[in-house]
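A.B. asks: Have a look at this one.
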Amino acid sequence: MKPEYKPLYEKFGLNVVYYRKSKKLTQLQLAELADIDRSHISAIELGNVGVSFDVIFKLCEVLDIKPRDLFDFRD
(Lines give C-alpha, C1' and ligand atoms only; values in the text may rest on other atoms or scores of the structure.)
Protein backbone atom coordinates (compact mmCIF):
# COMPACT_ATOMS: atom_id res chain seq x y z
CA MET A 1 0.00 0.00 0.00
CA LYS A 2 1.34 3.39 -0.96
CA PRO A 3 1.55 5.71 2.06
CA GLU A 4 -0.40 8.44 0.27
CA TYR A 5 -3.40 6.10 -0.02
CA LYS A 6 -3.46 5.08 3.67
CA PRO A 7 -6.10 7.73 4.55
CA LEU A 8 -8.41 6.30 1.86
CA TYR A 9 -7.97 2.77 3.19
CA GLU A 10 -8.83 4.10 6.65
CA LYS A 11 -11.98 5.83 5.37
CA PHE A 12 -13.01 2.60 3.64
CA GLY A 13 -12.43 0.75 6.91
CA LEU A 14 -14.53 3.25 8.84
CA ASN A 15 -17.39 2.62 6.42
CA VAL A 16 -17.10 -1.13 7.04
CA VAL A 17 -17.27 -0.43 10.80
CA TYR A 18 -20.28 1.87 10.32
CA TYR A 19 -22.31 -0.64 8.31
CA ARG A 20 -21.24 -3.58 10.50
CA LYS A 21 -22.38 -1.77 13.63
CA SER A 22 -25.61 -0.64 11.95
CA LYS A 23 -26.39 -4.35 11.48
CA LYS A 24 -25.41 -4.95 15.13
CA LEU A 25 -22.71 -7.42 14.15
CA THR A 26 -19.41 -8.09 15.88
CA GLN A 27 -16.25 -8.49 13.85
CA LEU A 28 -16.43 -12.22 14.49
CA GLN A 29 -20.03 -12.45 13.29
CA LEU A 30 -19.24 -10.48 10.13
CA ALA A 31 -16.18 -12.60 9.49
CA GLU A 32 -18.18 -15.82 9.84
CA LEU A 33 -20.96 -14.57 7.57
CA ALA A 34 -18.46 -13.36 4.97
CA ASP A 35 -16.32 -16.52 5.32
CA ILE A 36 -13.12 -14.64 6.09
CA ASP A 37 -10.89 -14.51 9.16
CA ARG A 38 -11.77 -12.11 11.99
CA SER A 39 -8.25 -10.71 11.94
CA HIS A 40 -8.76 -9.79 8.28
CA ILE A 41 -11.95 -7.87 9.18
CA SER A 42 -9.96 -6.04 11.85
CA ALA A 43 -7.19 -5.18 9.39
CA ILE A 44 -9.76 -3.92 6.85
CA GLU A 45 -11.49 -1.77 9.45
CA LEU A 46 -8.16 -0.27 10.54
CA GLY A 47 -7.17 0.45 6.94
CA ASN A 48 -4.12 -1.79 7.15
CA VAL A 49 -4.84 -4.00 4.11
CA GLY A 50 -6.23 -3.75 0.63
CA VAL A 51 -9.42 -5.60 -0.17
CA SER A 52 -10.17 -7.73 -3.21
CA PHE A 53 -13.37 -7.26 -5.17
CA ASP A 54 -14.46 -10.71 -4.01
CA VAL A 55 -14.26 -9.60 -0.38
CA ILE A 56 -15.96 -6.27 -1.14
CA PHE A 57 -18.84 -8.01 -2.89
CA LYS A 58 -19.21 -10.56 -0.07
CA LEU A 59 -19.20 -7.83 2.60
CA CYS A 60 -21.84 -5.92 0.66
CA GLU A 61 -23.98 -9.04 0.36
CA VAL A 62 -23.75 -9.71 4.12
CA LEU A 63 -24.28 -6.06 5.09
CA ASP A 64 -27.06 -5.60 2.51
CA ILE A 65 -25.44 -2.55 0.92
CA LYS A 66 -24.09 -1.56 -2.48
CA PRO A 67 -20.33 -1.44 -3.13
CA ARG A 68 -20.56 2.32 -3.69
CA ASP A 69 -21.69 2.68 -0.06
CA LEU A 70 -18.29 1.51 1.12
CA PHE A 71 -16.61 4.13 -1.08
CA ASP A 72 -18.82 7.04 -0.02
CA PHE A 73 -16.15 8.67 2.14
CA ARG A 74 -17.31 11.22 4.67
CA ASP A 75 -15.06 14.15 5.50
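Identifiers in this document derive from the order of the C-alpha coordinates: chains are assigned A, B, ..., residues are numbered from 1 separately in each chain, and ligands are numbered from 1 in order of occurrence.
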Identify, on the basis of only C-alpha atoms, every residue whose closest approach to Pro3 of chain A does not exceed 12 Å; exclude the query and any residue fewer than 5 positions from it along the same chain; express the result as a PyMOL selection string.
C.D. replies: chain A and resi 8-10+47-49
A.B. asks: Export, as a tab-separated table (two decimals), in the first residue's frame, the selected residues with N, CA and C atoms.
C.D. replies:
chain	number	residue	atom	x	y	z
A	8	LEU	N	-7.26	6.84	2.59
A	8	LEU	CA	-8.41	6.30	1.86
A	8	LEU	C	-8.76	4.90	2.36
A	9	TYR	N	-7.73	4.10	2.63
A	9	TYR	CA	-7.97	2.77	3.19
A	9	TYR	C	-8.65	2.89	4.55
A	10	GLU	N	-8.23	3.89	5.33
A	10	GLU	CA	-8.83	4.10	6.65
A	10	GLU	C	-10.29	4.53	6.53
A	47	GLY	N	-7.80	-0.09	8.14
A	47	GLY	CA	-7.17	0.45	6.94
A	47	GLY	C	-5.76	-0.05	6.74
A	48	ASN	N	-5.47	-1.24	7.24
A	48	ASN	CA	-4.12	-1.79	7.15
A	48	ASN	C	-3.89	-2.71	5.96
A	49	VAL	N	-4.96	-3.08	5.25
A	49	VAL	CA	-4.84	-4.00	4.11
A	49	VAL	C	-5.74	-3.54	2.97
A.B. asks: For Gln29 of chain A, which residue out of A:Leu70, A:Lys11, A:Leu59, A:Ile65 is the nearest one, using only C-alpha atoms?
C.D. replies: A:Leu59
A.B. asks: If you measure from atom CA of Asn15 of chain A to atom CA of Asp69 of chain A, what distance in Å do you get, rounded to one decimal?
C.D. replies: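 It comes out at 7.8 Å.
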A.B. asks: As a PDB file with N, CA, C and O atoms, in the first residue's frame, please: every residue in chain A that DSSP puts in alpha helix (DSSP H).
C.D. replies:
ATOM      1  N   LYS A   6      -3.065   5.580   2.337  1.00  0.00           N
ATOM      2  CA  LYS A   6      -3.458   5.084   3.672  1.00  0.00           C
ATOM      3  C   LYS A   6      -4.728   5.773   4.192  1.00  0.00           C
ATOM      4  O   LYS A   6      -5.626   5.080   4.686  1.00  0.00           O
ATOM      5  N   PRO A   7      -4.868   7.099   4.068  1.00  0.00           N
ATOM      6  CA  PRO A   7      -6.098   7.731   4.549  1.00  0.00           C
ATOM      7  C   PRO A   7      -7.361   7.215   3.855  1.00  0.00           C
ATOM      8  O   PRO A   7      -8.425   7.129   4.468  1.00  0.00           O
ATOM      9  N   LEU A   8      -7.256   6.836   2.590  1.00  0.00           N
ATOM     10  CA  LEU A   8      -8.407   6.299   1.862  1.00  0.00           C
ATOM     11  C   LEU A   8      -8.755   4.900   2.356  1.00  0.00           C
ATOM     12  O   LEU A   8      -9.934   4.555   2.499  1.00  0.00           O
ATOM     13  N   TYR A   9      -7.734   4.096   2.634  1.00  0.00           N
ATOM     14  CA  TYR A   9      -7.970   2.769   3.195  1.00  0.00           C
ATOM     15  C   TYR A   9      -8.653   2.894   4.550  1.00  0.00           C
ATOM     16  O   TYR A   9      -9.546   2.112   4.886  1.00  0.00           O
ATOM     17  N   GLU A  10      -8.228   3.889   5.329  1.00  0.00           N
ATOM     18  CA  GLU A  10      -8.830   4.100   6.649  1.00  0.00           C
ATOM     19  C   GLU A  10     -10.288   4.535   6.531  1.00  0.00           C
ATOM     20  O   GLU A  10     -11.140   4.086   7.299  1.00  0.00           O
ATOM     21  N   LYS A  11     -10.588   5.392   5.572  1.00  0.00           N
ATOM     22  CA  LYS A  11     -11.979   5.825   5.368  1.00  0.00           C
ATOM     23  C   LYS A  11     -12.844   4.650   4.921  1.00  0.00           C
ATOM     24  O   LYS A  11     -13.987   4.499   5.364  1.00  0.00           O
ATOM     25  N   PHE A  12     -12.301   3.806   4.053  1.00  0.00           N
ATOM     26  CA  PHE A  12     -13.010   2.596   3.638  1.00  0.00           C
ATOM     27  C   PHE A  12     -13.295   1.736   4.867  1.00  0.00           C
ATOM     28  O   PHE A  12     -14.420   1.266   5.066  1.00  0.00           O
ATOM     29  N   GLY A  13     -12.278   1.555   5.700  1.00  0.00           N
ATOM     30  CA  GLY A  13     -12.431   0.752   6.909  1.00  0.00           C
ATOM     31  C   GLY A  13     -13.483   1.309   7.853  1.00  0.00           C
ATOM     32  O   GLY A  13     -14.259   0.555   8.446  1.00  0.00           O
ATOM     33  N   LEU A  14     -13.520   2.626   7.985  1.00  0.00           N
ATOM     34  CA  LEU A  14     -14.533   3.254   8.844  1.00  0.00           C
ATOM     35  C   LEU A  14     -15.937   2.988   8.314  1.00  0.00           C
ATOM     36  O   LEU A  14     -16.880   2.822   9.102  1.00  0.00           O
ATOM     37  N   ASN A  15     -16.085   2.942   7.000  1.00  0.00           N
ATOM     38  CA  ASN A  15     -17.394   2.618   6.420  1.00  0.00           C
ATOM     39  C   ASN A  15     -17.779   1.173   6.725  1.00  0.00           C
ATOM     40  O   ASN A  15     -18.942   0.884   7.005  1.00  0.00           O
ATOM     41  N   VAL A  16     -16.810   0.266   6.681  1.00  0.00           N
ATOM     42  CA  VAL A  16     -17.101  -1.125   7.042  1.00  0.00           C
ATOM     43  C   VAL A  16     -17.570  -1.186   8.497  1.00  0.00           C
ATOM     44  O   VAL A  16     -18.571  -1.832   8.811  1.00  0.00           O
ATOM     45  N   VAL A  17     -16.872  -0.471   9.384  1.00  0.00           N
ATOM     46  CA  VAL A  17     -17.270  -0.432  10.795  1.00  0.00           C
ATOM     47  C   VAL A  17     -18.686   0.118  10.927  1.00  0.00           C
ATOM     48  O   VAL A  17     -19.528  -0.450  11.640  1.00  0.00           O
ATOM     49  N   TYR A  18     -18.967   1.219  10.242  1.00  0.00           N
ATOM     50  CA  TYR A  18     -20.280   1.866  10.317  1.00  0.00           C
ATOM     51  C   TYR A  18     -21.404   0.900   9.926  1.00  0.00           C
ATOM     52  O   TYR A  18     -22.377   0.733  10.658  1.00  0.00           O
ATOM     53  N   TYR A  19     -21.254   0.254   8.776  1.00  0.00           N
ATOM     54  CA  TYR A  19     -22.309  -0.642   8.308  1.00  0.00           C
ATOM     55  C   TYR A  19     -22.375  -1.921   9.137  1.00  0.00           C
ATOM     56  O   TYR A  19     -23.460  -2.460   9.355  1.00  0.00           O
ATOM     57  N   ARG A  20     -21.234  -2.397   9.629  1.00  0.00           N
ATOM     58  CA  ARG A  20     -21.240  -3.578  10.501  1.00  0.00           C
ATOM     59  C   ARG A  20     -22.010  -3.275  11.794  1.00  0.00           C
ATOM     60  O   ARG A  20     -22.875  -4.052  12.209  1.00  0.00           O
ATOM     61  N   LYS A  21     -21.710  -2.134  12.380  1.00  0.00           N
ATOM     62  CA  LYS A  21     -22.385  -1.766  13.631  1.00  0.00           C
ATOM     63  C   LYS A  21     -23.866  -1.461  13.404  1.00  0.00           C
ATOM     64  O   LYS A  21     -24.692  -1.724  14.277  1.00  0.00           O
ATOM     65  N   SER A  22     -24.189  -0.916  12.230  1.00  0.00           N
ATOM     66  CA  SER A  22     -25.607  -0.642  11.950  1.00  0.00           C
ATOM     67  C   SER A  22     -26.413  -1.932  11.853  1.00  0.00           C
ATOM     68  O   SER A  22     -27.623  -1.935  12.092  1.00  0.00           O
ATOM     69  N   GLN A  27     -17.207  -8.122  14.894  1.00  0.00           N
ATOM     70  CA  GLN A  27     -16.249  -8.486  13.846  1.00  0.00           C
ATOM     71  C   GLN A  27     -16.292  -9.989  13.584  1.00  0.00           C
ATOM     72  O   GLN A  27     -16.235 -10.417  12.426  1.00  0.00           O
ATOM     73  N   LEU A  28     -16.395 -10.756  14.643  1.00  0.00           N
ATOM     74  CA  LEU A  28     -16.428 -12.216  14.489  1.00  0.00           C
ATOM     75  C   LEU A  28     -17.658 -12.657  13.708  1.00  0.00           C
ATOM     76  O   LEU A  28     -17.564 -13.506  12.813  1.00  0.00           O
ATOM     77  N   GLN A  29     -18.810 -12.088  14.013  1.00  0.00           N
ATOM     78  CA  GLN A  29     -20.028 -12.451  13.293  1.00  0.00           C
ATOM     79  C   GLN A  29     -19.919 -12.093  11.813  1.00  0.00           C
ATOM     80  O   GLN A  29     -20.287 -12.890  10.946  1.00  0.00           O
ATOM     81  N   LEU A  30     -19.414 -10.891  11.526  1.00  0.00           N
ATOM     82  CA  LEU A  30     -19.244 -10.480  10.126  1.00  0.00           C
ATOM     83  C   LEU A  30     -18.268 -11.410   9.419  1.00  0.00           C
ATOM     84  O   LEU A  30     -18.510 -11.840   8.284  1.00  0.00           O
ATOM     85  N   ALA A  31     -17.181 -11.715  10.085  1.00  0.00           N
ATOM     86  CA  ALA A  31     -16.179 -12.601   9.492  1.00  0.00           C
ATOM     87  C   ALA A  31     -16.782 -13.968   9.163  1.00  0.00           C
ATOM     88  O   ALA A  31     -16.548 -14.506   8.081  1.00  0.00           O
ATOM     89  N   GLU A  32     -17.564 -14.510  10.085  1.00  0.00           N
ATOM     90  CA  GLU A  32     -18.178 -15.820   9.843  1.00  0.00           C
ATOM     91  C   GLU A  32     -19.169 -15.757   8.686  1.00  0.00           C
ATOM     92  O   GLU A  32     -19.190 -16.645   7.836  1.00  0.00           O
ATOM     93  N   LEU A  33     -19.975 -14.703   8.645  1.00  0.00           N
ATOM     94  CA  LEU A  33     -20.958 -14.571   7.566  1.00  0.00           C
ATOM     95  C   LEU A  33     -20.298 -14.349   6.208  1.00  0.00           C
ATOM     96  O   LEU A  33     -20.804 -14.792   5.182  1.00  0.00           O
ATOM     97  N   ALA A  34     -19.167 -13.656   6.222  1.00  0.00           N
ATOM     98  CA  ALA A  34     -18.461 -13.360   4.972  1.00  0.00           C
ATOM     99  C   ALA A  34     -17.423 -14.432   4.632  1.00  0.00           C
ATOM    100  O   ALA A  34     -16.775 -14.359   3.587  1.00  0.00           O
ATOM    101  N   ARG A  38     -11.467 -13.295  11.195  1.00  0.00           N
ATOM    102  CA  ARG A  38     -11.772 -12.113  11.986  1.00  0.00           C
ATOM    103  C   ARG A  38     -10.625 -11.113  11.969  1.00  0.00           C
ATOM    104  O   ARG A  38     -10.824  -9.907  11.923  1.00  0.00           O
ATOM    105  N   SER A  39      -9.398 -11.611  11.962  1.00  0.00           N
ATOM    106  CA  SER A  39      -8.251 -10.707  11.940  1.00  0.00           C
ATOM    107  C   SER A  39      -8.198  -9.921  10.631  1.00  0.00           C
ATOM    108  O   SER A  39      -7.702  -8.785  10.602  1.00  0.00           O
ATOM    109  N   HIS A  40      -8.714 -10.502   9.560  1.00  0.00           N
ATOM    110  CA  HIS A  40      -8.763  -9.789   8.276  1.00  0.00           C
ATOM    111  C   HIS A  40      -9.800  -8.660   8.349  1.00  0.00           C
ATOM    112  O   HIS A  40      -9.552  -7.563   7.842  1.00  0.00           O
ATOM    113  N   ILE A  41     -10.945  -8.927   8.978  1.00  0.00           N
ATOM    114  CA  ILE A  41     -11.949  -7.870   9.175  1.00  0.00           C
ATOM    115  C   ILE A  41     -11.329  -6.723   9.968  1.00  0.00           C
ATOM    116  O   ILE A  41     -11.487  -5.550   9.622  1.00  0.00           O
ATOM    117  N   SER A  42     -10.615  -7.058  11.027  1.00  0.00           N
ATOM    118  CA  SER A  42      -9.963  -6.045  11.851  1.00  0.00           C
ATOM    119  C   SER A  42      -8.988  -5.217  11.021  1.00  0.00           C
ATOM    120  O   SER A  42      -8.983  -3.982  11.101  1.00  0.00           O
ATOM    121  N   ALA A  43      -8.176  -5.877  10.215  1.00  0.00           N
ATOM    122  CA  ALA A  43      -7.188  -5.181   9.387  1.00  0.00           C
ATOM    123  C   ALA A  43      -7.872  -4.276   8.356  1.00  0.00           C
ATOM    124  O   ALA A  43      -7.398  -3.167   8.082  1.00  0.00           O
ATOM    125  N   ILE A  44      -8.992  -4.735   7.796  1.00  0.00           N
ATOM    126  CA  ILE A  44      -9.757  -3.915   6.845  1.00  0.00           C
ATOM    127  C   ILE A  44     -10.289  -2.679   7.554  1.00  0.00           C
ATOM    128  O   ILE A  44     -10.147  -1.556   7.060  1.00  0.00           O
ATOM    129  N   GLU A  45     -10.891  -2.881   8.719  1.00  0.00           N
ATOM    130  CA  GLU A  45     -11.486  -1.766   9.449  1.00  0.00           C
ATOM    131  C   GLU A  45     -10.447  -0.743   9.891  1.00  0.00           C
ATOM    132  O   GLU A  45     -10.746   0.447   9.978  1.00  0.00           O
ATOM    133  N   LEU A  46      -9.234  -1.183  10.149  1.00  0.00           N
ATOM    134  CA  LEU A  46      -8.163  -0.274  10.545  1.00  0.00           C
ATOM    135  C   LEU A  46      -7.462   0.364   9.345  1.00  0.00           C
ATOM    136  O   LEU A  46      -6.628   1.249   9.506  1.00  0.00           O
ATOM    137  N   PHE A  53     -11.970  -7.441  -4.781  1.00  0.00           N
ATOM    138  CA  PHE A  53     -13.367  -7.263  -5.169  1.00  0.00           C
ATOM    139  C   PHE A  53     -14.230  -8.386  -4.606  1.00  0.00           C
ATOM    140  O   PHE A  53     -15.370  -8.150  -4.197  1.00  0.00           O
ATOM    141  N   ASP A  54     -13.692  -9.593  -4.569  1.00  0.00           N
ATOM    142  CA  ASP A  54     -14.463 -10.713  -4.006  1.00  0.00           C
ATOM    143  C   ASP A  54     -14.882 -10.424  -2.569  1.00  0.00           C
ATOM    144  O   ASP A  54     -16.035 -10.657  -2.196  1.00  0.00           O
ATOM    145  N   VAL A  55     -13.953  -9.907  -1.774  1.00  0.00           N
ATOM    146  CA  VAL A  55     -14.264  -9.596  -0.377  1.00  0.00           C
ATOM    147  C   VAL A  55     -15.240  -8.427  -0.303  1.00  0.00           C
ATOM    148  O   VAL A  55     -16.192  -8.445   0.481  1.00  0.00           O
ATOM    149  N   ILE A  56     -15.037  -7.415  -1.120  1.00  0.00           N
ATOM    150  CA  ILE A  56     -15.957  -6.272  -1.143  1.00  0.00           C
ATOM    151  C   ILE A  56     -17.365  -6.738  -1.461  1.00  0.00           C
ATOM    152  O   ILE A  56     -18.329  -6.379  -0.766  1.00  0.00           O
ATOM    153  N   PHE A  57     -17.514  -7.543  -2.492  1.00  0.00           N
ATOM    154  CA  PHE A  57     -18.840  -8.012  -2.889  1.00  0.00           C
ATOM    155  C   PHE A  57     -19.475  -8.867  -1.799  1.00  0.00           C
ATOM    156  O   PHE A  57     -20.683  -8.778  -1.541  1.00  0.00           O
ATOM    157  N   LYS A  58     -18.682  -9.707  -1.136  1.00  0.00           N
ATOM    158  CA  LYS A  58     -19.214 -10.557  -0.073  1.00  0.00           C
ATOM    159  C   LYS A  58     -19.643  -9.704   1.119  1.00  0.00           C
ATOM    160  O   LYS A  58     -20.715  -9.929   1.694  1.00  0.00           O
ATOM    161  N   LEU A  59     -18.827  -8.723   1.505  1.00  0.00           N
ATOM    162  CA  LEU A  59     -19.196  -7.830   2.604  1.00  0.00           C
ATOM    163  C   LEU A  59     -20.499  -7.098   2.289  1.00  0.00           C
ATOM    164  O   LEU A  59     -21.375  -6.974   3.151  1.00  0.00           O
ATOM    165  N   CYS A  60     -20.617  -6.632   1.055  1.00  0.00           N
ATOM    166  CA  CYS A  60     -21.837  -5.922   0.660  1.00  0.00           C
ATOM    167  C   CYS A  60     -23.055  -6.833   0.722  1.00  0.00           C
ATOM    168  O   CYS A  60     -24.134  -6.405   1.149  1.00  0.00           O
ATOM    169  N   GLU A  61     -22.882  -8.065   0.312  1.00  0.00           N
ATOM    170  CA  GLU A  61     -23.975  -9.037   0.365  1.00  0.00           C
ATOM    171  C   GLU A  61     -24.420  -9.244   1.815  1.00  0.00           C
ATOM    172  O   GLU A  61     -25.613  -9.196   2.124  1.00  0.00           O
ATOM    173  N   VAL A  62     -23.454  -9.456   2.704  1.00  0.00           N
ATOM    174  CA  VAL A  62     -23.755  -9.710   4.115  1.00  0.00           C
ATOM    175  C   VAL A  62     -24.364  -8.471   4.782  1.00  0.00           C
ATOM    176  O   VAL A  62     -25.308  -8.570   5.562  1.00  0.00           O
ATOM    177  N   LEU A  63     -23.823  -7.293   4.455  1.00  0.00           N
ATOM    178  CA  LEU A  63     -24.280  -6.056   5.086  1.00  0.00           C
ATOM    179  C   LEU A  63     -25.503  -5.454   4.393  1.00  0.00           C
ATOM    180  O   LEU A  63     -26.046  -4.461   4.856  1.00  0.00           O
ATOM    181  N   PRO A  67     -21.762  -1.738  -3.232  1.00  0.00           N
ATOM    182  CA  PRO A  67     -20.330  -1.437  -3.132  1.00  0.00           C
ATOM    183  C   PRO A  67     -20.038   0.063  -3.030  1.00  0.00           C
ATOM    184  O   PRO A  67     -19.154   0.482  -2.287  1.00  0.00           O
ATOM    185  N   ARG A  68     -20.814   0.863  -3.726  1.00  0.00           N
ATOM    186  CA  ARG A  68     -20.561   2.315  -3.689  1.00  0.00           C
ATOM    187  C   ARG A  68     -20.712   2.877  -2.276  1.00  0.00           C
ATOM    188  O   ARG A  68     -20.089   3.887  -1.941  1.00  0.00           O
ATOM    189  N   ASP A  69     -21.529   2.217  -1.432  1.00  0.00           N
ATOM    190  CA  ASP A  69     -21.695   2.677  -0.062  1.00  0.00           C
ATOM    191  C   ASP A  69     -20.387   2.633   0.704  1.00  0.00           C
ATOM    192  O   ASP A  69     -20.119   3.484   1.554  1.00  0.00           O
ATOM    193  N   LEU A  70     -19.570   1.631   0.427  1.00  0.00           N
ATOM    194  CA  LEU A  70     -18.287   1.514   1.124  1.00  0.00           C
ATOM    195  C   LEU A  70     -17.276   2.546   0.653  1.00  0.00           C
ATOM    196  O   LEU A  70     -16.298   2.813   1.330  1.00  0.00           O
TER     197      LEU A  70
END
A.B. asks: If I take atom CA of Lys23 of chain A and atom CA of Asp64 of chain A, how far is one from the other in Å, to one decimal?
C.D. replies: 9.1 Å
